[in-house]
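Notes follow the structure.
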Amino acid sequence: MARILIKNGRVWDGERFFDADVLTDGEQIAQIRPNITEPAEFVYDAKGKTVSAGLVDAHVHMRGLNKKFGIHAELSSIPFGVTAAADAGAACGDKALLDTFLLKNVVFVSPTFQNNRAIFDSMEKRLEAYGEKAVGIKVYFDTTVSDIQDIQPLCQVVEYAKKKDLRIMVHSSNSPVPMGELLEALRAGDILTHAYHGGKNNVSEDGYECIKEAKRCGVIIDAGFAGHVHTDFKVFGDAIQCGAIPDIISTDITKFSAYTRGGRYGMTMCMNIARTLGMQEEDIFRAVTSNPAKALGKESEWGYLRVGRIADIAVLDYTDEGFDLTDKAGNHIGSQKGYRCVLTVSDGQVVYRN
């Protein structure tokens, strides 16, 4: 396996930025320090660019796991610097299928709801099929897709998750209860996704106090952009300004959101939105590397660039990558600059180069 030397970059190791070179040897990171002179078969000059730990997308929908929304796992992730992801709502396939993907992966599985009650029978079969790949439960707490009326079905799922030692990810758009009540039902380590939707019962209705309190209690806040359908740019921008920033930035990418709403949609586009609306760069990079890795229980494998770890690397440029976007509510944002992935390394191999 060719050694890779990435020179002159600004390194993001999952916790901080600093200037250094990065050398791989086989599947592992061999050195991270200035002025590496050891020979390598592939040398890349990253001057003016950020050399990051491979990005982690905590909310996607992969083909083979989701019949309605699934999109090709590698093509929707690797060109955007994403080397690991979680399918949020896997309903078919099994561990054997997941093991064939280049993209590192885990899954959330979903219960069904009937007459305002959670039903776990089919979900338990999915948990068995995915084995250790199943790290949590995805709850569609949404009156337009689930037969729910109040907080009780979510409380039932929380109790089930406690017994099974699983985390929960809650889709919060179209919730039947105020966001504060929803968040109070969650535990530390549970994930609220689509946290900045602009519909009824959203986080702006109490001046973002519920989201701040939830973060203090250890609930993980995921932007969950969904191609701008489940994120209202005004709500998100106002939240950033008052300090209610997300812990995680995820795409919630589907075959319907990748190419339809202006620009090539992926993780870099979500990062662009966050930066344009005022989120600080350290917070953005933490939200796409170490934070989602921790949220998924994979921080020992994903989200950090360290000597001895598997060589998963994303090289990003902030350049003339302009965009012009309008969300579902009609809020408009744009910029002449944006992030672009120029190199992705997975398991010590170059898998994408722009």
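Following the order of the structure tokens, chains are lettered A, B, ..., residues in each are numbered from 1, and ligands are numbered from 1.
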Please provide the set of residues having any atom within 6 Å of Ile310 (chain A), restricted to only C-alpha atoms, with same-chain residues fewer than 2 positions apart removed, written as a compact mmCIF listing (two decimals) with C-alpha atoms, in the first residue's frame.
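Wrote result.txt, looks like this:
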# COMPACT_ATOMS: atom_id res chain seq x y z
CA GLU A 27 -3.66 1.76 6.83
CA GLN A 28 -2.41 3.96 9.67
CA ASP A 312 -9.17 8.40 7.25
CA ASP A 347 -7.97 3.18 5.29
(request) Check region 150-336 of chain A with DSSP on the backbone and list each residue it calls strand (DSSP E or B), as an MDAnalysis selection string. (result) chainID A and resid 167:171 191:193 220:222 248 253 310 313:319 323:326 332:335
(message) Which of region 114-339 of chain A end up as alpha helix (DSSP H) when DSSP is run on this backbone - answer as a ChimeraX atom specification?
(response) /A:121-130,152-164,179-184,209-216,233-241,267-276,281-287,290-295
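Distance check against Ser175 (chain A) using only C-alpha atoms: of A:Ile78, A:Val22, A:Val145, A:Val158, the minimum falls on A:Val145.
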(message) I'd like the contact shell of Phe108 (chain A) - 7 Å cut-off, only C-alpha atoms, skipping same-chain residues fewer than 4 positions apart - returned as number ranges by chain.
(response) A: 87-90, 134-138
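Distances from A:Phe69, A:Phe42, A:Phe236, A:Phe225 to Ser250 (chain A) were compared using only C-alpha atoms, and the smallest one belongs to A:Phe225.
Each of A:Gly48, A:Gly207, A:Gly131, A:Gly224 was compared to Cys242 (chain A) using only C-alpha atoms, and A:Gly207 turns out to be the nearest.
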(message) Can you pull out the residues contacting Thr143 (chain A)? Cut-off 7 Å, using only C-alpha atoms, and skip same-chain residues under 3 positions away; I want them as a PyMOL selection string.
(response) chain A and resi 146-148+174-176
(request) Show which residues sit within 6 Å of Asp252 (chain A), as an NGL selection string. Count only C-alpha atoms, and ignore same-chain residues fewer than 5 positions away. (result) :A and (59-60 or 224 or 226)
Save out the residues we just selected, C-alpha atoms, as a CSV table (one decimal), in the first residue's frame.
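Saved the output as part-v3.csv:
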chain,number,residue,atom,x,y,z
A,59,HIS,CA,-27.6,11.0,9.5
A,60,VAL,CA,-27.9,9.5,6.0
A,224,GLY,CA,-30.1,17.4,10.2
A,226,ALA,CA,-32.3,17.2,4.8
(message) Using only C-alpha atoms, which protein or nucleic acid residues come within 8 Å of Asp317 (chain A)? Drop anything in the same chain fewer than 5 positions from it, and give the result as a list in words.
(response) Gly48, Lys49, Thr50, Tyr339, Arg340, Cys341 and Val342 of chain A
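Among the candidates A:Ala30, A:Asp247, A:Arg117, A:Ser110, the one nearest to Glu282 (chain A) when counting only C-alpha atoms is A:Asp247.
Minimum distance to Gly330 (chain A) across A:Lys234, A:His72, A:Lys104, A:Lys7 (counting only C-alpha atoms) occurs at A:Lys234.
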(message) I'd like the contact shell of Ile32 (chain A) - 10 Å cut-off, only C-alpha atoms, skipping same-chain residues fewer than 6 positions apart - returned as a ChimeraX atom specification.
(response) /A:5-6,11,13,19-24,305-307
Selected residues, N, CA and C atoms, written as a PDB file, in the first residue's frame, please.
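New file again.pdb:
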ATOM      1  N   LEU A   5       1.895  11.274   1.716  1.00  0.00           N
ATOM      2  CA  LEU A   5       2.424  12.413   2.454  1.00  0.00           C
ATOM      3  C   LEU A   5       1.643  13.658   2.047  1.00  0.00           C
ATOM      4  N   ILE A   6       0.969  14.261   2.991  1.00  0.00           N
ATOM      5  CA  ILE A   6       0.206  15.489   2.756  1.00  0.00           C
ATOM      6  C   ILE A   6       0.972  16.631   3.413  1.00  0.00           C
ATOM      7  N   VAL A  11      -3.871  21.376   9.862  1.00  0.00           N
ATOM      8  CA  VAL A  11      -4.460  20.117  10.325  1.00  0.00           C
ATOM      9  C   VAL A  11      -5.588  20.391  11.312  1.00  0.00           C
ATOM     10  N   ASP A  13      -7.370  17.935  13.913  1.00  0.00           N
ATOM     11  CA  ASP A  13      -7.219  16.576  14.436  1.00  0.00           C
ATOM     12  C   ASP A  13      -8.444  16.077  15.199  1.00  0.00           C
ATOM     13  N   ASP A  19      -0.603  23.776  12.185  1.00  0.00           N
ATOM     14  CA  ASP A  19       0.114  23.554  10.939  1.00  0.00           C
ATOM     15  C   ASP A  19       1.018  22.332  11.062  1.00  0.00           C
ATOM     16  N   ALA A  20       0.913  21.411  10.105  1.00  0.00           N
ATOM     17  CA  ALA A  20       1.739  20.198  10.141  1.00  0.00           C
ATOM     18  C   ALA A  20       1.615  19.453   8.816  1.00  0.00           C
ATOM     19  N   ASP A  21       2.506  18.507   8.616  1.00  0.00           N
ATOM     20  CA  ASP A  21       2.390  17.525   7.539  1.00  0.00           C
ATOM     21  C   ASP A  21       1.793  16.249   8.123  1.00  0.00           C
ATOM     22  N   VAL A  22       1.234  15.406   7.253  1.00  0.00           N
ATOM     23  CA  VAL A  22       0.661  14.125   7.682  1.00  0.00           C
ATOM     24  C   VAL A  22       1.209  13.023   6.778  1.00  0.00           C
ATOM     25  N   LEU A  23       1.730  11.962   7.396  1.00  0.00           N
ATOM     26  CA  LEU A  23       2.272  10.823   6.657  1.00  0.00           C
ATOM     27  C   LEU A  23       1.526   9.560   7.060  1.00  0.00           C
ATOM     28  N   THR A  24       1.114   8.781   6.063  1.00  0.00           N
ATOM     29  CA  THR A  24       0.500   7.488   6.333  1.00  0.00           C
ATOM     30  C   THR A  24       1.486   6.375   6.021  1.00  0.00           C
ATOM     31  N   LEU A 305      -7.739  12.597  13.934  1.00  0.00           N
ATOM     32  CA  LEU A 305      -6.539  12.391  13.136  1.00  0.00           C
ATOM     33  C   LEU A 305      -5.368  12.297  14.108  1.00  0.00           C
ATOM     34  N   ARG A 306      -4.935  11.061  14.389  1.00  0.00           N
ATOM     35  CA  ARG A 306      -3.897  10.847  15.397  1.00  0.00           C
ATOM     36  C   ARG A 306      -2.954   9.745  14.938  1.00  0.00           C
ATOM     37  N   VAL A 307      -1.701   9.849  15.343  1.00  0.00           N
ATOM     38  CA  VAL A 307      -0.712   8.821  15.036  1.00  0.00           C
ATOM     39  C   VAL A 307      -1.186   7.485  15.601  1.00  0.00           C
TER      40      VAL A 307
END
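If you measure from each of A:Leu127, A:Ile4, A:Ala239, A:Val315 to Met279 (chain A) using only C-alpha atoms, the closest one turns out to be A:Ala239.
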